[in-house]
file entry.cif (mmCIF, C-alpha atoms)
data_upload
loop_
_atom_site.label_atom_id
_atom_site.label_comp_id
_atom_site.auth_asym_id
_atom_site.auth_seq_id
_atom_site.Cartn_x
_atom_site.Cartn_y
_atom_site.Cartn_z
CA MET A 1 2.35 -20.41 -3.35
CA GLY A 2 3.38 -20.74 0.27
CA LEU A 3 0.38 -22.11 2.11
CA VAL A 4 1.67 -25.66 2.41
CA GLU A 5 5.27 -25.84 3.49
CA ARG A 6 6.19 -24.72 6.98
CA ASN A 7 9.47 -24.28 8.80
CA THR A 8 11.19 -22.93 5.70
CA PRO A 9 13.77 -20.09 5.94
CA ARG A 10 11.17 -17.65 4.59
CA TRP A 11 8.51 -18.83 7.05
CA ARG A 12 10.92 -18.53 10.01
CA ARG A 13 12.00 -15.07 8.87
CA ASP A 14 8.41 -13.88 8.55
CA LEU A 15 7.53 -15.27 11.98
CA ALA A 16 10.56 -13.49 13.46
CA LEU A 17 9.49 -10.19 11.89
CA THR A 18 5.97 -10.60 13.27
CA ALA A 19 7.39 -11.26 16.75
CA CYS A 20 9.59 -8.17 16.44
CA CYS A 21 6.58 -6.00 15.56
CA ALA A 22 4.64 -7.27 18.55
CA ALA A 23 7.67 -6.79 20.82
CA ALA A 24 8.14 -3.21 19.59
CA VAL A 25 4.52 -2.36 20.42
CA ALA A 26 4.90 -3.89 23.88
CA GLU A 27 8.21 -2.11 24.52
CA ALA A 28 6.76 1.26 23.49
CA ASP A 29 3.68 0.87 25.70
CA ARG A 30 4.37 2.87 28.85
CA THR A 31 0.76 3.23 29.92
CA GLY A 32 -0.18 -0.36 30.71
CA ASP A 33 0.66 -2.63 33.61
CA PRO A 34 4.45 -3.22 33.82
CA GLY A 35 3.98 -6.88 34.65
CA GLN A 36 1.72 -7.45 31.65
CA ARG A 37 4.17 -5.57 29.42
CA ALA A 38 7.03 -7.78 30.62
CA ALA A 39 4.95 -10.91 29.98
CA ARG A 40 4.24 -9.73 26.42
CA LEU A 41 7.95 -9.18 25.77
CA ILE A 42 8.84 -12.60 27.17
CA ASP A 43 6.19 -14.18 24.92
CA CYS A 44 7.65 -12.40 21.88
CA LEU A 45 11.15 -13.46 22.84
CA GLY A 46 10.02 -17.08 23.04
CA VAL A 47 8.49 -16.93 19.57
CA LEU A 48 11.61 -15.23 18.24
CA ARG A 49 13.87 -17.93 19.72
CA SER A 50 11.77 -20.62 18.05
CA THR A 51 12.81 -19.29 14.64
CA HIS A 52 16.54 -19.82 15.36
CA GLY A 53 18.73 -22.86 15.75
CA ALA A 54 19.54 -24.08 19.25
CA GLY A 55 22.85 -22.21 19.57
CA ALA A 56 21.58 -18.89 18.26
CA ALA A 57 18.39 -19.16 20.29
CA ALA A 58 20.35 -19.54 23.52
CA ALA A 59 22.20 -16.29 22.79
CA LEU A 60 18.96 -14.34 22.31
CA ASP A 61 18.01 -12.61 25.54
CA MET A 62 15.92 -9.58 26.42
CA GLY A 63 18.89 -7.23 26.01
CA VAL A 64 19.58 -8.45 22.47
CA LEU A 65 15.88 -8.09 21.62
CA ARG A 66 15.66 -4.52 22.91
CA ARG A 67 18.88 -3.45 21.16
CA GLY A 68 17.73 -5.00 17.90
CA LEU A 69 14.44 -3.13 17.98
CA ARG A 70 16.34 0.16 18.34
CA HIS A 71 19.45 -0.37 16.24
CA GLY A 72 18.48 -2.81 13.48
CA LEU A 73 16.74 -6.18 13.16
CA ALA A 74 19.67 -8.12 11.66
CA PRO A 75 20.71 -9.80 14.96
CA LEU A 76 17.10 -10.90 15.52
CA LEU A 77 16.50 -12.53 12.14
CA PRO A 78 17.19 -16.29 11.81
CA ALA A 79 20.20 -17.64 9.95
CA GLY A 80 19.87 -17.57 6.20
CA SER A 81 18.04 -14.26 6.08
CA GLU A 82 20.43 -11.93 7.87
CA GLY A 83 23.11 -11.40 5.23
CA GLY A 84 21.21 -10.13 2.23
CA ASP A 85 17.95 -9.13 3.88
CA PRO A 86 17.35 -5.38 3.50
CA LEU A 87 15.05 -5.47 6.50
CA GLY A 88 18.04 -6.25 8.70
CA GLU A 89 18.82 -2.52 8.90
CA MET A 90 15.25 -1.57 9.81
CA ARG A 91 14.61 -0.01 13.22
CA LEU A 92 11.24 -0.36 14.92
CA LEU A 93 11.87 2.00 17.86
CA ASN A 94 13.54 5.40 17.81
CA GLU A 95 16.01 6.74 20.36
CA ASP A 96 13.16 7.84 22.62
CA GLY A 97 11.60 4.39 22.59
CA LEU A 98 8.68 5.44 20.40
CA LEU A 99 7.32 3.36 17.54
CA CYS A 100 8.67 4.01 14.06
CA ASP A 101 6.42 4.00 11.00
CA ALA A 102 8.18 0.78 9.97
CA VAL A 103 6.05 -1.16 12.49
CA GLU A 104 2.84 -0.35 10.65
CA ASP A 105 4.51 -0.98 7.27
CA LEU A 106 5.78 -4.39 8.35
CA GLY A 107 2.43 -5.22 9.91
CA ARG A 108 0.64 -4.53 6.64
CA GLU A 109 3.20 -6.53 4.64
CA HIS A 110 2.82 -9.53 6.93
CA LEU A 111 -0.97 -9.27 7.22
CA VAL A 112 -0.95 -8.34 10.89
CA PRO A 113 -3.96 -6.16 11.82
CA GLN A 114 -3.03 -3.08 13.83
CA GLN A 115 -5.69 -4.13 16.33
CA ALA A 116 -3.84 -7.42 16.85
CA LEU A 117 -0.66 -5.58 17.82
CA MET A 118 -2.30 -3.01 20.06
CA GLU A 119 -4.49 -5.54 21.86
CA TYR A 120 -1.76 -8.18 21.73
CA TRP A 121 -3.76 -11.10 20.42
CA PRO A 122 -2.57 -14.61 21.37
CA TRP A 123 -0.21 -16.11 18.80
CA ALA A 124 -2.70 -18.80 17.76
CA ARG A 125 -5.30 -16.16 16.88
CA LEU A 126 -2.73 -13.98 15.13
CA ARG A 127 -1.43 -16.84 12.97
CA ALA A 128 -4.99 -17.86 12.06
CA GLU A 129 -5.76 -14.28 11.00
CA GLN A 130 -2.61 -14.16 8.86
CA GLU A 131 -3.37 -17.47 7.17
CA GLU A 132 -6.93 -16.46 6.34
CA GLN A 133 -5.88 -13.10 4.90
CA GLN A 134 -3.06 -14.67 2.88
CA LEU A 135 -5.40 -17.28 1.47
CA TYR A 136 -7.99 -14.76 0.30
CA ALA A 137 -5.31 -12.36 -0.96
CA GLU A 138 -4.05 -15.06 -3.34
CA ILE A 139 -7.36 -15.88 -4.97
CA ARG A 140 -8.76 -12.32 -5.06
CA ARG A 141 -6.22 -11.52 -7.76
CA LEU A 142 -8.18 -13.77 -10.13
CA PRO A 143 -10.83 -12.52 -12.59
CA PRO A 144 -14.37 -12.76 -11.12
CA ASP A 145 -15.33 -15.92 -13.04
CA ASP A 146 -12.12 -17.72 -12.07
CA TYR A 147 -12.48 -16.57 -8.48
CA ALA A 148 -15.98 -18.04 -8.23
CA ARG A 149 -14.77 -21.24 -9.89
CA VAL A 150 -11.90 -21.68 -7.42
CA ARG A 151 -14.19 -21.07 -4.45
CA GLU A 152 -16.62 -23.69 -5.76
CA LEU A 153 -13.94 -26.27 -6.50
CA LEU A 154 -12.34 -25.94 -3.07
CA ALA A 155 -15.71 -26.47 -1.40
CA SER A 156 -17.11 -29.17 -3.68
CA ASP A 157 -13.97 -31.32 -4.13
CA PRO A 158 -11.67 -30.96 -1.09
CA VAL A 159 -10.18 -34.43 -1.70
CA ALA A 160 -9.70 -36.43 -4.91
CA GLU A 161 -7.10 -38.17 -7.03
CA HIS A 162 -4.58 -35.94 -8.75
CA GLY A 163 -5.87 -36.73 -12.23
CA VAL A 164 -9.45 -35.88 -11.28
CA LEU A 165 -8.40 -32.57 -9.77
CA TRP A 166 -6.23 -31.71 -12.75
CA GLU A 167 -9.17 -32.29 -15.09
CA LYS A 168 -11.60 -30.23 -13.02
CA TRP A 169 -9.24 -27.31 -12.41
CA GLY A 170 -7.98 -27.08 -15.98
CA GLY A 171 -5.71 -24.08 -16.54
CA LEU A 172 -6.00 -23.01 -12.90
CA TRP A 173 -4.33 -26.18 -11.62
CA GLY A 174 -0.83 -25.70 -10.25
CA ARG A 175 -1.13 -21.97 -9.64
CA PHE A 176 -1.82 -22.34 -5.92
CA GLY A 177 -0.55 -24.50 -3.07
CA PHE A 178 -4.01 -25.47 -1.88
CA PHE A 179 -3.60 -29.28 -1.91
CA GLU A 180 -1.35 -31.68 -0.01
CA PRO A 181 -0.78 -35.44 -0.45
CA VAL A 182 -2.97 -37.38 1.95
CA SER A 183 -0.17 -39.93 2.29
CA SER A 184 1.75 -37.32 4.33
CA TRP A 185 -1.05 -37.07 6.93
CA PRO A 186 -0.67 -39.92 9.47
CA TRP A 187 -3.48 -38.47 11.59
CA CYS A 188 -6.16 -39.59 9.09
CA ASN A 189 -4.64 -43.00 8.25
CA ALA A 190 -6.66 -45.93 9.58
CA ALA A 191 -4.63 -49.02 8.68
CA GLY A 192 -3.91 -47.66 5.21
CA TRP A 193 -7.31 -46.10 4.56
CA CYS A 194 -8.77 -42.59 4.77
CA PHE A 195 -12.43 -41.68 5.08
CA PRO A 196 -14.07 -38.42 4.00
CA CYS A 197 -16.57 -36.75 6.31
CA PRO A 198 -20.16 -37.23 5.05
CA THR A 199 -20.80 -33.50 5.58
CA CYS A 200 -17.66 -31.67 4.42
CA ALA A 201 -15.93 -34.47 2.43
CA TRP A 202 -12.53 -33.75 4.04
CA PRO A 203 -10.53 -36.65 5.56
CA MET A 204 -11.67 -37.53 9.07
CA ARG A 205 -9.30 -38.02 11.98
CA ALA A 206 -8.42 -41.65 12.82
CA GLN A 207 -7.37 -42.46 16.39
CA SER A 208 -6.18 -45.93 17.31
CA ALA A 209 -8.18 -47.73 19.98
CA GLY A 210 -5.93 -50.80 20.00
CA ASP A 211 -6.17 -54.24 18.38
CA GLY A 212 -6.45 -52.69 14.92
CA VAL A 213 -9.57 -50.70 15.84
CA PHE A 214 -9.77 -46.97 15.04
CA VAL A 215 -12.20 -44.25 16.07
CA VAL A 216 -12.83 -42.12 12.98
CA SER A 217 -14.43 -38.68 13.31
CA CYS A 218 -14.52 -35.21 11.75
CA ASP A 219 -13.00 -32.34 13.75
CA ALA A 220 -15.73 -29.96 12.56
CA HIS A 221 -18.77 -32.25 12.68
CA LEU A 222 -18.07 -34.60 15.59
CA LEU A 223 -20.69 -32.94 17.80
CA GLU A 224 -23.22 -33.37 15.00
CA GLY A 225 -22.61 -37.10 14.91
CA ALA A 226 -19.90 -37.63 12.28
CA GLN A 227 -18.18 -40.44 14.21
CA TYR A 228 -17.43 -44.05 13.25
CA THR A 229 -15.56 -47.15 14.32
CA TYR A 230 -13.14 -48.91 11.97
CA ARG A 231 -12.45 -52.61 12.52
CA PRO A 232 -10.13 -54.87 10.53
CA VAL A 233 -11.83 -56.77 7.72
CA ARG A 234 -11.12 -60.50 7.50
CA GLY A 235 -9.93 -61.66 4.13
CA GLY A 236 -9.04 -58.14 2.98
CA GLY A 237 -11.26 -55.98 0.84
CA PRO A 238 -12.47 -52.40 1.34
CA PRO A 239 -13.13 -51.58 5.00
CA VAL A 240 -16.60 -50.77 6.29
CA LEU A 241 -17.18 -48.21 9.02
CA GLU A 242 -19.69 -48.67 11.82
CA GLY A 243 -21.66 -45.47 12.33
CA GLY A 244 -21.95 -44.05 15.80
CA GLY A 245 -23.80 -40.76 15.41
CA GLY A 246 -26.68 -38.94 13.78
CA LEU A 247 -24.65 -37.87 10.73
CA ALA A 248 -22.94 -41.20 10.35
CA GLY A 249 -24.17 -42.07 6.88
CA GLN A 250 -22.35 -44.53 4.66
CA VAL A 251 -18.80 -43.44 3.85
CA GLU A 252 -16.56 -44.91 1.17
CA GLY A 253 -12.89 -44.96 2.05
CA PHE A 254 -9.89 -44.47 -0.23
CA PRO A 255 -6.24 -45.59 0.09
CA ALA A 256 -4.05 -43.34 2.23
CA ALA A 257 -1.39 -43.40 -0.46
CA GLY A 258 -0.86 -42.89 -4.15
CA ASP A 259 -2.16 -39.79 -5.92
CA TYR A 260 -4.88 -38.72 -3.50
CA LEU A 261 -4.68 -35.05 -2.56
CA ALA A 262 -6.70 -32.96 -0.10
CA VAL A 263 -6.90 -29.25 0.63
CA SER A 264 -4.72 -28.08 3.50
CA ARG A 265 -6.30 -27.57 6.90
CA THR A 266 -6.19 -23.78 6.39
CA VAL A 267 -8.11 -24.04 3.11
CA TRP A 268 -10.57 -26.51 4.65
CA ARG A 269 -11.20 -24.22 7.60
CA TYR A 270 -11.58 -20.92 5.74
CA LEU A 271 -12.90 -21.94 2.31
CA THR A 272 -14.27 -25.50 2.27
CA LEU A 273 -16.42 -25.32 5.41
CA PRO A 274 -18.02 -21.92 4.75
CA GLY A 275 -18.28 -22.75 1.04
CA ARG A 276 -20.37 -25.84 1.69
CA MET A 277 -22.71 -23.83 3.91
CA GLU A 278 -23.03 -21.22 1.17
CA PHE A 279 -23.88 -23.95 -1.34
CA ALA A 280 -26.57 -25.25 1.03
CA ILE A 281 -28.11 -21.78 1.10
CA ARG A 282 -27.95 -21.65 -2.69
CA GLY A 283 -29.63 -25.04 -2.93
CA ALA A 284 -32.47 -23.92 -0.69
CA LEU A 285 -32.99 -20.66 -2.60
CA ARG A 286 -33.05 -22.39 -5.97
CA GLY A 287 -36.35 -23.92 -4.97
CA ILE A 288 -38.00 -20.50 -5.15
CA ALA A 289 -39.60 -19.88 -8.55
CA GLY A 290 -38.17 -16.97 -10.53
CA LEU A 291 -35.14 -16.51 -8.25
CA ASP A 292 -31.61 -16.55 -9.69
CA VAL A 293 -28.61 -17.03 -7.39
CA LEU A 294 -25.18 -15.60 -8.25
CA MET A 295 -22.23 -16.89 -6.19
CA TYR A 296 -19.42 -14.61 -5.04
CA PRO A 297 -20.34 -11.43 -6.94
CA ASP A 298 -18.22 -8.25 -6.97
CA GLY A 299 -15.01 -9.91 -5.82
CA ASP A 300 -16.64 -11.65 -2.87
CA ARG A 301 -18.28 -8.50 -1.57
CA TYR A 302 -21.18 -10.85 -0.93
CA ASP A 303 -21.12 -14.65 -0.66
CA LEU A 304 -24.14 -14.83 -2.93
CA ARG A 305 -26.71 -12.52 -4.49
#

call {"tool": "encode", "arguments": {"input": "entry.cif", "output": "structure tokens"}}
result
Amino acid sequence: MGLVERNTPRWRRDLALTACCAAAVAEADRTGDPGQRAARLIDCLGVLRSTHGAGAAAALDMGVLRRGLRHGLAPLLPAGSEGGDPLGEMRLLNEDGLLCDAVEDLGREHLVPQQALMEYWPWARLRAEQEEQQLYAEIRRLPPDDYARVRELLASDPVAEHGVLWEKWGGLWGRFGFFEPVSSWPWCNAAGWCFPCPTCAWPMRAQSAGDGVFVVSCDAHLLEGAQYTYRPVRGGGPPVLEGGGGLAGQVEGFPAAGDYLAVSRTVWRYLTLPGRMEFAIRGALRGIAGLDVLMYPDGDRYDLR
């Protein structure tokens, strides 16, 4: 499922549709400040252009955007989706410049909250909201036991060799695009090695400091002390990190190649990090005599009961 690969024709088409929805809301808003409305439209146009090739993007101007919103989205959709896409005939504004029902329909389909359109959230916040909703929508289709199992696996084992993951996931493996090869992530590669954070177990960021030295730290737990220094080891052998913070316990590295896989940043952010906090709560509650803890009951209505 499509949580991993970006910049595909489908991803560009969906981003273009989201930009069109936001532009339609801005164009129909006659009550706000005209300057702010114009800025919103320019922002949408910039996002829309980013989904097209260089030549097509240059031809997209404000006039083309406004006509497309009123007469059909086909000219606004990126190449590869225009010909057979039934949404190309969809209009988001009527002849009086008022919003059509299609805006709300498209927003729901593309996981855009109505509040995001009306308040015009920044694109970074909007994309984060979409990714989180898409992620949970995929796993909520599972039976309750499988749902709880997936949540636990994504939190407990965010990085491992392919064979280990395949064995732990069993029949659920391969149904979701949660994992990516660590070898494709240069940002966590310290001279051929990756190092999991001692708190969340996800690969830490490695930044070169020159002369073969790297500063290795976790994006989420840096302020809590998850920071190290990597120095080249004479004579080869597994590298050893020098701790530099309060959480800097011993960390065992693994090769930044081969069959090692890790959950995507989206999964790490929205499932691994909160999941590990939920497990910590469970661990603390288990110390109370006579208390049973159930994780993720009623389709995640509660994190634990």

call {"tool": "resolve_selection", "arguments": {"input": "entry.cif", "expression": "the PyMOL selection byres ((chain A and resi 221) around 10)", "output": "list in words"}}
result
Cys197, Pro198, Thr199, Cys200, Met204, Ser217, Cys218, Asp219, Ala220, Leu222, Leu223, Glu224, Gly225, Ala226, Gln227 and Leu247 of chain A

call {"tool": "resolve_selection", "arguments": {"input": "entry.cif", "expression": "the PyMOL selection byres ((chain A and resi 128-144) around 7)", "output": "NGL selection string"}}
result
:A and (111-112 or 124-127 or 145-148 or 266 or 270 or 299)

call {"tool": "atom_distance", "arguments": {"input": "entry.cif", "atom1": "atom CA of A:Glu119", "atom2": "atom CA of A:Val64"}}
result
24.3 Å

call {"tool": "residues_around", "arguments": {"input": "entry.cif", "residues": "A:Glu109", "least_positions_apart": "4", "cutoff": "12 Å", "atoms": "all atoms listed in the file", "output": "MDAnalysis selection string"}}
result
chainID A and resid 14 17:18 21 102:105 113:114 130 133:134 137

call {"tool": "write_last_selection", "arguments": {"input": "entry.cif", "atoms": "C-alpha atoms", "output": "PDB file, keeping the file's coordinate frame"}}
result
ATOM      1  CA  ASP A  14       8.410 -13.880   8.550  1.00  0.00           C
ATOM      2  CA  LEU A  17       9.490 -10.190  11.890  1.00  0.00           C
ATOM      3  CA  THR A  18       5.970 -10.600  13.270  1.00  0.00           C
ATOM      4  CA  CYS A  21       6.580  -6.000  15.560  1.00  0.00           C
ATOM      5  CA  ALA A 102       8.180   0.780   9.970  1.00  0.00           C
ATOM      6  CA  VAL A 103       6.050  -1.160  12.490  1.00  0.00           C
ATOM      7  CA  GLU A 104       2.840  -0.350  10.650  1.00  0.00           C
ATOM      8  CA  ASP A 105       4.510  -0.980   7.270  1.00  0.00           C
ATOM      9  CA  PRO A 113      -3.960  -6.160  11.820  1.00  0.00           C
ATOM     10  CA  GLN A 114      -3.030  -3.080  13.830  1.00  0.00           C
ATOM     11  CA  GLN A 130      -2.610 -14.160   8.860  1.00  0.00           C
ATOM     12  CA  GLN A 133      -5.880 -13.100   4.900  1.00  0.00           C
ATOM     13  CA  GLN A 134      -3.060 -14.670   2.880  1.00  0.00           C
ATOM     14  CA  ALA A 137      -5.310 -12.360  -0.960  1.00  0.00           C
TER      15      ALA A 137
END

call {"tool": "resolve_selection", "arguments": {"input": "entry.cif", "expression": "the PyMOL selection byres ((chain A and resi 23) around 10)", "output": "list in words"}}
result
Leu17, Thr18, Ala19, Cys20, Cys21, Ala22, Ala24, Val25, Ala26, Glu27, Ala28, Asp29, Arg37, Ala38, Arg40, Leu41, Ile42, Asp43, Cys44, Leu45, Leu48, Leu65, Arg66, Leu69, Leu92, Leu117 and Tyr120 of chain A

call {"tool": "atom_distance", "arguments": {"input": "entry.cif", "atom1": "atom CA of A:Arg108", "atom2": "atom CA of A:Phe179"}}
result
26.5 Å

call {"tool": "atom_distance", "arguments": {"input": "entry.cif", "atom1": "atom CA of A:Ala257", "atom2": "atom CA of A:Asn189"}}
result
9.3 Å

call {"tool": "closest_residue", "arguments": {"input": "entry.cif", "among": "A:Val215, A:Cys188, A:Leu77, A:Ala56", "to": "A:Trp11", "atoms": "all atoms listed in the file"}}
result
A:Leu77

call {"tool": "closest_residue", "arguments": {"input": "entry.cif", "among": "A:Ala79, A:Leu261, A:Gly243, A:Gly170", "to": "A:Thr8", "atoms": "only C-alpha atoms"}}
result
A:Ala79

call {"tool": "closest_residue", "arguments": {"input": "entry.cif", "among": "A:Glu167, A:Pro196, A:Asp211, A:Ser264", "to": "A:Gln250", "atoms": "all atoms listed in the file"}}
result
A:Pro196

call {"tool": "residues_around", "arguments": {"input": "entry.cif", "residues": "A:Val182", "least_positions_apart": "6", "cutoff": "10 Å", "atoms": "only C-alpha atoms", "output": "mmCIF file with C-alpha atoms, in the coordinates of the input"}}
result
data_model
loop_
_atom_site.group_PDB
_atom_site.id
_atom_site.type_symbol
_atom_site.label_atom_id
_atom_site.label_comp_id
_atom_site.auth_asym_id
_atom_site.auth_seq_id
_atom_site.Cartn_x
_atom_site.Cartn_y
_atom_site.Cartn_z
ATOM 1 C CA VAL A 159 -10.180 -34.430 -1.700
ATOM 2 C CA ALA A 160 -9.700 -36.430 -4.910
ATOM 3 C CA GLU A 161 -7.100 -38.170 -7.030
ATOM 4 C CA CYS A 188 -6.160 -39.590 9.090
ATOM 5 C CA ASN A 189 -4.640 -43.000 8.250
ATOM 6 C CA CYS A 194 -8.770 -42.590 4.770
ATOM 7 C CA PRO A 203 -10.530 -36.650 5.560
ATOM 8 C CA PRO A 255 -6.240 -45.590 0.090
ATOM 9 C CA ALA A 256 -4.050 -43.340 2.230
ATOM 10 C CA ALA A 257 -1.390 -43.400 -0.460
ATOM 11 C CA GLY A 258 -0.860 -42.890 -4.150
ATOM 12 C CA ASP A 259 -2.160 -39.790 -5.920
ATOM 13 C CA TYR A 260 -4.880 -38.720 -3.500
ATOM 14 C CA LEU A 261 -4.680 -35.050 -2.560
ATOM 15 C CA ALA A 262 -6.700 -32.960 -0.100
ATOM 16 C CA VAL A 263 -6.900 -29.250 0.630
ATOM 17 C CA SER A 264 -4.720 -28.080 3.500
#

call {"tool": "residues_around", "arguments": {"input": "entry.cif", "residues": "A:Gly210", "least_positions_apart": "3", "cutoff": "12 Å", "atoms": "all atoms listed in the file", "output": "list in words"}}
result
Ala190, Ala191, Ala206, Gln207, Val213, Phe214, Val215, Thr229, Tyr230, Arg231 and Pro232 of chain A

call {"tool": "closest_residue", "arguments": {"input": "entry.cif", "among": "A:Arg149, A:His162, A:Lys168, A:Arg269", "to": "A:Met295", "atoms": "only C-alpha atoms"}}
result
A:Arg149

call {"tool": "decode", "arguments": {"input": "entry.cif", "residues": "stretch 32-57 of chain A", "atoms": "C-alpha atoms", "output": "tab-separated table (two decimals), in the first residue's frame"}}
result
chain	number	residue	atom	x	y	z
A	32	GLY	CA	-11.82	37.58	4.12
A	33	ASP	CA	-8.94	39.92	3.39
A	34	PRO	CA	-8.31	40.15	-0.39
A	35	GLY	CA	-4.55	40.11	0.09
A	36	GLN	CA	-4.69	36.97	2.21
A	37	ARG	CA	-7.01	35.33	-0.32
A	38	ALA	CA	-4.57	36.11	-3.13
A	39	ALA	CA	-1.68	34.69	-1.10
A	40	ARG	CA	-3.64	31.47	-0.54
A	41	LEU	CA	-4.31	31.12	-4.27
A	42	ILE	CA	-0.66	31.74	-5.12
A	43	ASP	CA	0.36	29.08	-2.58
A	44	CYS	CA	-2.06	26.60	-4.16
A	45	LEU	CA	-0.79	27.44	-7.62
A	46	GLY	CA	2.78	26.77	-6.51
A	47	VAL	CA	1.84	23.35	-5.13
A	48	LEU	CA	-0.10	22.58	-8.29
A	49	ARG	CA	2.87	23.51	-10.50
A	50	SER	CA	5.10	21.18	-8.49
A	51	THR	CA	3.03	18.21	-9.67
A	52	HIS	CA	3.73	18.95	-13.36
A	53	GLY	CA	6.80	18.74	-15.55
A	54	ALA	CA	8.77	21.91	-16.22
A	55	GLY	CA	7.04	22.78	-19.50
A	56	ALA	CA	3.51	22.20	-18.27
A	57	ALA	CA	4.21	23.98	-14.99
